[in-house]
Each structure stands twice: as C-alpha cells, then as structure tokens.
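Coordinates as given in upload_15.txt (compact mmCIF, C-alpha atoms):
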# COMPACT_ATOMS: atom_id res chain seq x y z
CA MET G 1 15.06 -30.64 27.29
CA LEU G 2 12.98 -32.47 24.68
CA SER G 3 11.34 -35.49 26.32
CA GLY G 4 8.04 -37.27 26.79
CA GLU G 5 7.13 -34.50 29.25
CA THR G 6 7.64 -31.68 26.74
CA SER G 7 4.71 -29.28 26.41
CA LEU G 8 3.76 -28.32 22.84
CA TYR G 9 2.78 -24.83 21.68
CA PRO G 10 1.94 -24.98 17.95
CA ILE G 11 1.67 -21.79 15.92
CA ILE G 12 -1.07 -22.21 13.34
CA GLY G 13 -1.63 -20.17 10.21
CA ASP G 14 -1.40 -20.03 6.43
CA PRO G 15 1.12 -19.13 5.13
CA ILE G 16 3.42 -20.21 7.94
CA SER G 17 6.88 -20.28 6.34
CA PHE G 18 7.77 -16.71 7.35
CA VAL G 19 7.06 -16.98 11.10
CA LYS G 20 9.93 -16.50 13.55
CA SER G 21 8.14 -17.45 16.77
CA PRO G 22 9.03 -21.19 16.78
CA GLN G 23 12.76 -20.58 17.15
CA ARG G 24 12.54 -17.55 19.42
CA LEU G 25 9.82 -18.82 21.76
CA THR G 26 11.47 -22.23 22.14
CA VAL G 27 14.73 -20.51 23.11
CA ARG G 28 12.81 -18.31 25.56
CA PHE G 29 11.21 -21.39 27.15
CA GLU G 30 14.69 -22.85 27.66
CA GLU G 31 15.88 -19.60 29.24
CA LEU G 32 12.94 -19.87 31.64
CA SER G 33 13.75 -23.55 32.35
CA HIS G 34 10.40 -24.59 30.90
CA ASN G 35 10.27 -27.86 28.97
CA GLY G 36 8.30 -26.62 25.98
CA ILE G 37 8.67 -26.12 22.24
CA CYS G 38 6.82 -24.03 19.66
CA ILE G 39 6.20 -25.81 16.36
CA PRO G 40 4.85 -24.36 13.08
CA MET G 41 1.71 -25.90 11.58
CA GLN G 42 0.35 -24.78 8.22
CA ILE G 43 -3.42 -24.87 8.60
CA PRO G 44 -5.40 -23.70 5.54
CA ASP G 45 -8.50 -21.57 5.91
CA GLY G 46 -11.45 -23.92 6.41
CA ALA G 47 -9.47 -26.60 8.25
CA LEU G 48 -9.44 -24.91 11.65
CA GLU G 49 -12.36 -26.79 13.21
CA ASN G 50 -10.84 -30.22 12.63
CA VAL G 51 -7.41 -29.06 13.80
CA VAL G 52 -8.68 -27.46 17.01
CA ARG G 53 -10.71 -30.58 17.78
CA GLY G 54 -7.64 -32.76 17.26
CA LEU G 55 -5.22 -30.58 19.21
CA GLY G 56 -7.76 -30.22 22.01
CA ALA G 57 -7.58 -33.99 22.49
CA VAL G 58 -3.79 -33.93 22.97
CA PRO G 59 -3.09 -33.18 26.66
CA ASN G 60 0.48 -31.95 26.20
CA VAL G 61 -0.62 -29.28 23.72
CA ARG G 62 -0.70 -26.59 26.40
CA GLY G 63 -1.27 -23.54 24.21
CA LEU G 64 -1.54 -22.24 20.65
CA LEU G 65 -0.20 -19.21 18.84
CA ILE G 66 -2.65 -17.96 16.22
CA THR G 67 -1.73 -16.10 13.05
CA MET G 68 -3.66 -15.22 9.92
CA PRO G 69 -6.18 -16.21 8.71
CA HIS G 70 -7.42 -17.75 11.98
CA LYS G 71 -7.36 -14.95 14.57
CA ASN G 72 -11.05 -14.18 14.26
CA SER G 73 -12.23 -17.77 13.76
CA MET G 74 -10.27 -19.12 16.74
CA PHE G 75 -12.16 -16.83 19.12
CA SER G 76 -15.28 -18.96 18.77
CA TYR G 77 -13.39 -21.98 20.14
CA CYS G 78 -12.40 -20.18 23.36
CA ALA G 79 -14.49 -20.85 26.46
CA THR G 80 -13.01 -17.76 28.14
CA SER G 81 -11.06 -14.74 26.91
CA SER G 82 -9.44 -11.48 27.97
CA GLU G 83 -11.28 -8.15 27.93
CA THR G 84 -9.58 -7.10 24.68
CA SER G 85 -10.31 -10.41 22.95
CA THR G 86 -13.92 -10.38 24.12
CA LEU G 87 -14.34 -6.83 22.87
CA LEU G 88 -12.81 -7.52 19.45
CA ARG G 89 -13.75 -11.22 19.13
CA VAL G 90 -10.23 -12.07 18.05
CA VAL G 91 -7.27 -13.95 19.59
CA SER G 92 -3.56 -14.27 18.89
CA VAL G 93 -2.71 -16.79 21.61
CA VAL G 94 -4.62 -19.34 23.72
CA ARG G 95 -3.81 -21.48 26.75
CA ARG G 96 -5.53 -24.32 28.55
CA ASN G 97 -8.02 -23.64 31.31
CA PRO G 98 -7.94 -26.11 34.22
CA ASP G 99 -10.86 -28.00 32.63
CA GLY G 100 -8.97 -28.38 29.34
CA SER G 101 -10.88 -25.69 27.43
CA TRP G 102 -9.16 -22.71 25.79
CA HIS G 103 -8.62 -19.21 27.18
CA GLY G 104 -7.73 -16.60 24.56
CA ASP G 105 -5.99 -13.25 24.51
CA MET G 106 -4.90 -10.75 21.86
CA LEU G 107 -1.30 -9.69 22.42
CA ASP G 108 -0.49 -8.17 19.02
CA GLY G 109 -1.39 -4.68 20.13
CA VAL G 110 0.62 -4.53 23.34
CA ALA G 111 3.59 -6.20 21.61
CA PHE G 112 3.51 -3.72 18.73
CA VAL G 113 3.29 -0.68 20.99
CA ALA G 114 6.09 -2.08 23.15
CA ALA G 115 8.24 -2.35 20.01
CA LEU G 116 7.39 1.21 18.99
CA LYS G 117 8.34 2.58 22.39
CA LYS G 118 11.56 0.57 22.53
CA GLU G 119 12.63 2.10 19.21
CA GLY G 120 11.90 5.63 20.42
CA ALA G 121 8.24 6.36 19.68
CA ARG G 122 6.39 8.55 22.16
CA PRO G 123 2.66 7.77 21.91
CA GLU G 124 1.57 9.94 24.84
CA ARG G 125 -0.68 12.74 23.50
CA ALA G 126 0.52 12.01 19.95
CA ARG G 127 -1.64 12.25 16.84
CA VAL G 128 -1.47 8.86 15.11
CA LEU G 129 -2.50 7.67 11.66
CA GLN G 130 -3.20 3.95 11.50
CA VAL G 131 -3.93 2.20 8.21
CA GLY G 132 -5.71 -1.10 8.79
CA ALA G 133 -8.66 -1.97 11.01
CA GLY G 134 -8.58 -5.77 10.90
CA GLY G 135 -7.84 -8.18 13.74
CA ALA G 136 -4.29 -7.08 14.49
CA GLY G 137 -5.11 -3.47 13.65
CA SER G 138 -8.01 -3.40 16.11
CA ALA G 139 -5.78 -4.65 18.91
CA ILE G 140 -3.04 -2.17 17.99
CA ALA G 141 -5.59 0.65 18.05
CA ILE G 142 -6.70 -0.28 21.57
CA ALA G 143 -3.09 -0.55 22.74
CA LEU G 144 -2.29 2.88 21.28
CA LEU G 145 -5.24 4.39 23.14
CA ASP G 146 -4.13 2.66 26.33
CA ALA G 147 -0.67 4.15 25.76
CA GLY G 148 -2.22 7.62 25.85
CA VAL G 149 -2.40 8.84 22.24
CA GLY G 150 -4.28 12.11 21.90
CA GLU G 151 -5.97 11.39 18.57
CA LEU G 152 -6.13 8.22 16.50
CA VAL G 153 -7.01 8.57 12.81
CA LEU G 154 -8.12 5.27 11.29
CA HIS G 155 -8.16 4.36 7.60
CA ASP G 156 -9.16 1.07 6.00
CA ALA G 157 -10.15 0.17 2.45
CA ASN G 158 -13.16 -1.56 4.00
CA GLN G 159 -15.10 1.50 5.14
CA SER G 160 -17.74 -0.41 7.10
CA ARG G 161 -15.05 -2.24 9.07
CA ARG G 162 -13.28 1.07 9.71
CA ASP G 163 -16.47 2.77 10.85
CA GLU G 164 -17.39 -0.11 13.15
CA LEU G 165 -13.98 0.09 14.81
CA VAL G 166 -14.18 3.88 15.16
CA GLU G 167 -17.56 3.53 16.87
CA LEU G 168 -16.32 0.76 19.15
CA LEU G 169 -13.15 2.57 20.19
CA SER G 170 -14.95 5.88 20.70
CA SER G 171 -17.27 4.17 23.18
CA LEU G 172 -14.27 3.27 25.36
CA GLY G 173 -13.59 6.92 26.21
CA ARG G 174 -9.81 6.47 26.05
CA GLY G 175 -8.97 9.10 23.42
CA ARG G 176 -10.32 10.78 20.30
CA VAL G 177 -10.84 8.33 17.43
CA VAL G 178 -11.84 9.46 13.94
CA ALA G 179 -11.98 8.05 10.43
CA GLY G 180 -9.80 9.69 7.82
CA PRO G 181 -7.76 9.32 4.63
CA PRO G 182 -4.26 7.76 4.62
CA ASP G 183 -2.67 11.19 4.95
CA PRO G 184 -0.13 11.46 7.80
CA THR G 185 0.15 15.25 7.67
CA GLY G 186 0.25 16.53 11.25
CA CYS G 187 0.82 13.08 12.74
CA GLY G 188 3.73 12.09 14.96
CA ILE G 189 3.27 8.35 14.45
CA VAL G 190 2.20 6.42 11.33
CA VAL G 191 1.26 2.74 11.54
CA ASN G 192 0.74 0.17 8.80
CA ALA G 193 -1.52 -2.54 10.26
CA THR G 194 -2.40 -4.08 6.88
CA PRO G 195 -0.85 -6.98 4.90
CA MET G 196 0.43 -4.47 2.32
CA GLY G 197 4.12 -5.19 1.98
CA MET G 198 3.93 -8.98 2.05
CA SER G 199 3.92 -9.16 -1.75
CA PRO G 200 6.42 -7.33 -3.99
CA ASN G 201 3.73 -5.60 -6.04
CA ASP G 202 1.70 -4.28 -3.10
CA PRO G 203 1.01 -0.54 -3.06
CA LEU G 204 2.32 1.54 -0.18
CA PRO G 205 -0.21 2.04 2.63
CA VAL G 206 0.76 5.73 2.76
CA ALA G 207 2.21 7.80 -0.10
CA ALA G 208 5.96 8.13 0.39
CA HIS G 209 6.08 11.85 -0.40
CA LEU G 210 3.83 12.56 2.59
CA LEU G 211 6.34 11.16 5.11
CA THR G 212 8.63 13.57 6.96
CA SER G 213 11.55 13.06 9.31
CA SER G 214 9.50 14.13 12.33
CA MET G 215 7.27 11.06 12.01
CA PHE G 216 7.82 7.66 13.63
CA VAL G 217 6.72 4.85 11.29
CA GLY G 218 5.73 1.34 12.38
CA ASP G 219 4.93 -1.63 10.15
CA VAL G 220 3.40 -4.94 11.32
CA ILE G 221 4.83 -7.00 8.45
CA ALA G 222 7.31 -9.60 9.76
CA GLY G 223 9.46 -12.17 8.02
CA HIS G 224 9.78 -10.26 4.75
CA GLY G 225 12.82 -8.11 5.52
CA VAL G 226 12.59 -4.35 5.36
CA THR G 227 9.32 -3.57 3.61
CA PRO G 228 9.17 -0.96 0.80
CA PHE G 229 7.12 1.22 3.16
CA LEU G 230 9.83 1.19 5.82
CA GLN G 231 12.49 1.75 3.16
CA GLU G 232 10.67 4.91 2.10
CA ALA G 233 10.22 5.96 5.72
CA ARG G 234 13.92 5.56 6.46
CA SER G 235 14.80 7.47 3.30
CA ALA G 236 12.63 10.31 4.60
CA GLY G 237 14.59 10.27 7.87
CA CYS G 238 11.92 8.61 10.00
CA LYS G 239 12.65 6.39 12.96
CA THR G 240 10.97 3.01 12.46
CA ALA G 241 9.87 -0.24 14.04
CA ASP G 242 9.02 -3.38 12.10
CA GLY G 243 7.07 -6.60 12.51
CA PHE G 244 10.12 -8.57 13.61
CA GLN G 245 10.60 -6.17 16.51
CA MET G 246 6.92 -6.73 17.36
CA VAL G 247 7.59 -10.48 17.35
CA GLU G 248 10.58 -9.96 19.67
CA ALA G 249 8.45 -7.92 22.06
CA GLY G 250 5.76 -10.59 21.90
CA ILE G 251 8.29 -13.28 22.79
CA GLU G 252 8.85 -11.50 26.09
CA ILE G 253 5.11 -11.18 26.75
CA MET G 254 3.76 -14.57 25.59
CA PRO G 255 5.46 -16.82 28.19
CA HIS G 256 3.81 -14.85 30.99
CA PHE G 257 0.44 -15.60 29.38
CA LEU G 258 1.11 -19.20 28.38
CA LEU G 259 2.70 -20.18 31.69
CA CYS G 260 0.37 -18.01 33.82
CA LYS G 261 3.33 -16.13 35.32

For this file, write the structure as structure tokens.
Amino acid sequence: MLSGETSLYPIIGDPISFVKSPQRLTVRFEELSHNGICIPMQIPDGALENVVRGLGAVPNVRGLLITMPHKNSMFSYCATSSETSTLLRVVSVVRRNPDGSWHGDMLDGVAFVAALKKEGARPERARVLQVGAGGAGSAIAIALLDAGVGELVLHDANQSRRDELVELLSSLGRGRVVAGPPDPTGCGIVVNATPMGMSPNDPLPVAAHLLTSSMFVGDVIAGHGVTPFLQEARSAGCKTADGFQMVEAGIEIMPHFLLCK
C-alpha cells in the first residue's frame, strides 16, 4: 500500500533499536485497510524540540508514538490531551487535531492492564505492589485503580516522586493507595514499572525469595527477552505478563486512537 498518499506514524525515542511497534502497527494498519506505516526514529534527549517542529511541518505525519525519554517532554507540545495525560502531564501517543496541532494520550497503562488480564491476572479487589512511579508507572497505576484494585502499594527509589504520585492518586478516590517497601508479601499482583531489567547487571526490582506461586507478576520491559525478574517469577510458579504482551495489547488499542475510530 506504500504510495505518495501513505500516512506516517514515527515512533520516537532513544534507544530505539528494541522497539517492536513499527512492524506490528504497520501490519495492523494493513489489516484495517489503512495506508499507513510506523517508522522508528532515534531522537536523543535534547533534540525533541527541533524534531517536533520539523515533523509538525510534514502534513502526512498523522501521528507519533512516544517512548523514553520523551514521554514527559512531549506533553508540552500537545495543544489538547486526554484526562489521564492532562493529569500526569505525560503522553505515549499523539495524533493531529483538525487544525494540525497535536492531541496526546497515555495508553501504556490500559495496554499493560489489558495484557495482565489476558494472561490471567484478576485485578478486581486485589492488593498490588507496583515498583516504579515514573511516566509509564503513573499511567499503569491509574489503569490498575480503574480496573478495581483494592489496595495499591507504590515503591520508587525517588521518594518524592513516589509520594507525589500517592497523593495524586489518593485524590481520585478510586482505591486505597499507599507508599511502601518493595515487599510483595500479601499481594496478589506484583508489577515492575521501572527500567530495571534492560541492562544485564540491573538489580531485581523485588527480591526473588519474596515471590510465591500465588502472585501474578507483570514486567513492562519489552524487547529484551524474558527479563531476570520474570525468570525468577516463573521459577517461583507465578503466572506472568511481559512488556511485549503490553506492546501487543497496545497495537490493538492505538489504531482506534490514531484513526479516531
């Protein structure tokens, strides 16, 4: 379907070599009979302003997928945004408004929770430990609360960031949210929403000996195979979901946003 009428949907980030969205989203566009392709663009931190200005001047760039380290920075270039993005000031995907400006949304959370549920997790009334309160982690936390978790325990090495997120989420009135250590004892679901696992020498987000077979373990890391954390979880008998499954869930969600369907 590639032609002069093809719509472009770059995914921008750094590093970019591990992303799977270009292949999968382009195939999904073809399945939907939409003449569009997703292309990877490695954009270093600090270069975003020039890139957004340039891509904004290209009419057939109809949307952008945003990955680290640009999810927070890209929000400031959006003229409009979803409730979740406005609340968190972060975006994972943007599309054109009729006037050519950008409208942003944060789909990481709903995609991750969809992947958890598809693999057998039951978030309703569950006690959940989540490690990581950054951009993706914040969205995942909101999606978990929307899915009906009974208590969400948040841990982050950056205590001020953790505390800010606890305060923000508590104000929503969607479930009990508390700060706590990375101890999953008594939890039905354990989530790694940090970059730990992208490098071989990274520590585990949760000590392996604390995992039990009754826990469901999810990890946001994609493109790096089975992370050491998920290997330990599977060895403990846990059901798991990984970042690639989140990407797959996102591939089903993103076209509805990008194509306004």

| Long-range neighbours of Arg28 in chain G as a ChimeraX atom specification, 8 Å cut-off, only C-alpha atoms, 4 positions minimum in chain | /G:24,32,251-252,255

| field | Between CA of Thr86 in chain G and CA of Gln23 in chain G, distance in Å (one decimal) | value | 29.4 Å

| task | Would you list the contacts of range 160-170 of chain G as a list in words, taking every protein, DNA or RNA residue within 12 Å and counting all atoms listed in the file, but skipping same-chain residues closer than 6 positions in sequence? | result |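 What passes the distance filter is Thr84, Leu87, Leu88, Gln130, Val131, Gly132, Ala133, Gly134, Gly135, Gly137, Ser138, Ala139, Ile140, Ala141, Ile142, Ala143, Leu144, Leu145, Asp146, Glu151, Leu152, Val153, Leu154, Arg176, Val177, Val178, Ala179, Gly180 and Pro181 of chain G.
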
Can those selected residues be exported to a file as a compact mmCIF listing (two decimals), keeping the file's coordinate frame so that it contains C-alpha atoms?
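Writing done, so here's part01.txt:
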# COMPACT_ATOMS: atom_id res chain seq x y z
CA THR G 84 -9.58 -7.10 24.68
CA LEU G 87 -14.34 -6.83 22.87
CA LEU G 88 -12.81 -7.52 19.45
CA GLN G 130 -3.20 3.95 11.50
CA VAL G 131 -3.93 2.20 8.21
CA GLY G 132 -5.71 -1.10 8.79
CA ALA G 133 -8.66 -1.97 11.01
CA GLY G 134 -8.58 -5.77 10.90
CA GLY G 135 -7.84 -8.18 13.74
CA GLY G 137 -5.11 -3.47 13.65
CA SER G 138 -8.01 -3.40 16.11
CA ALA G 139 -5.78 -4.65 18.91
CA ILE G 140 -3.04 -2.17 17.99
CA ALA G 141 -5.59 0.65 18.05
CA ILE G 142 -6.70 -0.28 21.57
CA ALA G 143 -3.09 -0.55 22.74
CA LEU G 144 -2.29 2.88 21.28
CA LEU G 145 -5.24 4.39 23.14
CA ASP G 146 -4.13 2.66 26.33
CA GLU G 151 -5.97 11.39 18.57
CA LEU G 152 -6.13 8.22 16.50
CA VAL G 153 -7.01 8.57 12.81
CA LEU G 154 -8.12 5.27 11.29
CA ARG G 176 -10.32 10.78 20.30
CA VAL G 177 -10.84 8.33 17.43
CA VAL G 178 -11.84 9.46 13.94
CA ALA G 179 -11.98 8.05 10.43
CA GLY G 180 -9.80 9.69 7.82
CA PRO G 181 -7.76 9.32 4.63

| message | List as a PyMOL selection string the protein and nucleic acid residues near Val19 in chain G, meaning an atom at most 10 Å away when all atoms listed in the file are counted, but skip any in the same chain fewer than 3 places from it. | response | chain G and resi 11-13+15-16+22-24+40+67+222-224+244+247

Find the smallest box with edges along x, y and z containing every listed atom of range 115-127 of chain G, then add 6 Å on each side and report centre and edge lengths in Å to one decimal, as AutoDock Vina command-line options.
--center_x 5.5 --center_y 5.2 --center_z 20.8 --size_x 26.3 --size_y 27.1 --size_z 20.0

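Minimum atom-to-atom distances from G:Ser7, G:Gln245, G:Ser76, G:Ser213 to Phe112 in chain G were compared using only C-alpha atoms, and the lowest value belongs to G:Gln245.
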
Which residues of range 3-114 of chain G come within 12 Å of range 184-202 of chain G, and what is each one's closest atom pair and distance in Å (one decimal), counting only C-alpha atoms, sorted by chain and residue number, as CSV?
residue,atom,partner,partner_atom,distance
G:Pro15,CA,G:Met198,CA,11.0
G:Phe18,CA,G:Met198,CA,10.1
G:Met68,CA,G:Pro195,CA,10.0
G:Pro69,CA,G:Pro195,CA,11.3
G:Asp108,CA,G:Ala193,CA,10.5
G:Gly109,CA,G:Ala193,CA,10.1
G:Phe112,CA,G:Ala193,CA,9.9
G:Val113,CA,G:Val191,CA,10.3

| request: Check the smallest atom-to-atom distance from each of G:Gly225, G:Gly54, G:Pro10, G:Pro59 to Leu25 in chain G using only C-alpha atoms, then report the winner. | output: G:Pro10

| task | Have a look at CA of Gly56 in chain G and CA of Ser101 in chain G and let me know their distance in Å, one decimal. | result | 7.7 Å

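Interatomic distance, CA of Arg127 in chain G to CA of Thr240 in chain G: 16.2 Å.
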
| Leaving out Ile37 in chain G and any residue of its chain fewer than 6 positions from it, which residues lie within 7 Å of it when counting all atoms listed in the file, given as a PyMOL selection string? | chain G and resi 7-9+26

| When distances are computed from only C-alpha atoms, which of G:Arg96, G:Pro44, G:Cys260, G:His70 shows the smallest separation from Ala57 in chain G? |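 Result for the nearest residue to Ala57 in chain G: G:Arg96.
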
| message | Just checking: using all atoms listed in the file, which residue out of G:Thr80, G:Ser235, G:Thr6, G:Ser73 ends up closest to Val94 in chain G? | response | G:Thr80

How about completing range 38-56 of chain G with N, CA, C and O atoms and giving it to me as a tab-separated table (two decimals), keeping the file's coordinate frame?
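Output file result_21.tsv is given in full below:
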chain	number	residue	atom	x	y	z
G	38	CYS	N	7.81	-24.61	20.57
G	38	CYS	CA	6.82	-24.03	19.66
G	38	CYS	C	7.07	-24.62	18.28
G	38	CYS	O	8.21	-24.58	17.79
G	39	ILE	N	6.05	-25.16	17.67
G	39	ILE	CA	6.20	-25.81	16.36
G	39	ILE	C	5.25	-25.17	15.35
G	39	ILE	O	4.11	-24.86	15.68
G	40	PRO	N	5.72	-24.95	14.11
G	40	PRO	CA	4.85	-24.36	13.08
G	40	PRO	C	3.94	-25.40	12.46
G	40	PRO	O	4.35	-26.52	12.16
G	41	MET	N	2.68	-25.02	12.23
G	41	MET	CA	1.71	-25.90	11.58
G	41	MET	C	0.96	-25.09	10.55
G	41	MET	O	0.28	-24.11	10.89
G	42	GLN	N	1.07	-25.48	9.29
G	42	GLN	CA	0.35	-24.78	8.22
G	42	GLN	C	-1.07	-25.32	8.16
G	42	GLN	O	-1.30	-26.46	7.75
G	43	ILE	N	-2.02	-24.47	8.54
G	43	ILE	CA	-3.42	-24.87	8.60
G	43	ILE	C	-4.21	-23.98	7.64
G	43	ILE	O	-4.40	-22.78	7.91
G	44	PRO	N	-4.67	-24.52	6.52
G	44	PRO	CA	-5.40	-23.70	5.54
G	44	PRO	C	-6.72	-23.19	6.11
G	44	PRO	O	-7.30	-23.79	7.04
G	45	ASP	N	-7.19	-22.11	5.55
G	45	ASP	CA	-8.50	-21.57	5.91
G	45	ASP	C	-9.55	-22.63	5.61
G	45	ASP	O	-9.55	-23.26	4.56
G	46	GLY	N	-10.43	-22.89	6.56
G	46	GLY	CA	-11.45	-23.92	6.41
G	46	GLY	C	-11.14	-25.21	7.13
G	46	GLY	O	-12.02	-26.05	7.33
G	47	ALA	N	-9.86	-25.38	7.56
G	47	ALA	CA	-9.47	-26.60	8.25
G	47	ALA	C	-9.38	-26.41	9.76
G	47	ALA	O	-9.07	-27.36	10.49
G	48	LEU	N	-9.68	-25.21	10.24
G	48	LEU	CA	-9.44	-24.91	11.65
G	48	LEU	C	-10.25	-25.79	12.59
G	48	LEU	O	-9.73	-26.28	13.60
G	49	GLU	N	-11.51	-26.02	12.29
G	49	GLU	CA	-12.36	-26.79	13.21
G	49	GLU	C	-11.79	-28.18	13.49
G	49	GLU	O	-11.67	-28.60	14.65
G	50	ASN	N	-11.39	-28.88	12.45
G	50	ASN	CA	-10.84	-30.22	12.63
G	50	ASN	C	-9.53	-30.18	13.41
G	50	ASN	O	-9.26	-31.04	14.25
G	51	VAL	N	-8.71	-29.17	13.13
G	51	VAL	CA	-7.41	-29.06	13.80
G	51	VAL	C	-7.59	-28.76	15.28
G	51	VAL	O	-6.95	-29.37	16.14
G	52	VAL	N	-8.46	-27.82	15.60
G	52	VAL	CA	-8.68	-27.46	17.01
G	52	VAL	C	-9.26	-28.66	17.77
G	52	VAL	O	-8.87	-28.93	18.91
G	53	ARG	N	-10.16	-29.39	17.15
G	53	ARG	CA	-10.71	-30.58	17.78
G	53	ARG	C	-9.60	-31.60	18.06
G	53	ARG	O	-9.52	-32.19	19.14
G	54	GLY	N	-8.72	-31.80	17.08
G	54	GLY	CA	-7.64	-32.76	17.26
G	54	GLY	C	-6.64	-32.33	18.30
G	54	GLY	O	-6.25	-33.11	19.18
G	55	LEU	N	-6.20	-31.06	18.24
G	55	LEU	CA	-5.22	-30.58	19.21
G	55	LEU	C	-5.81	-30.52	20.61
G	55	LEU	O	-5.09	-30.72	21.60
G	56	GLY	N	-7.11	-30.26	20.70
G	56	GLY	CA	-7.76	-30.22	22.01
G	56	GLY	C	-7.74	-31.57	22.70
G	56	GLY	O	-7.82	-31.64	23.92
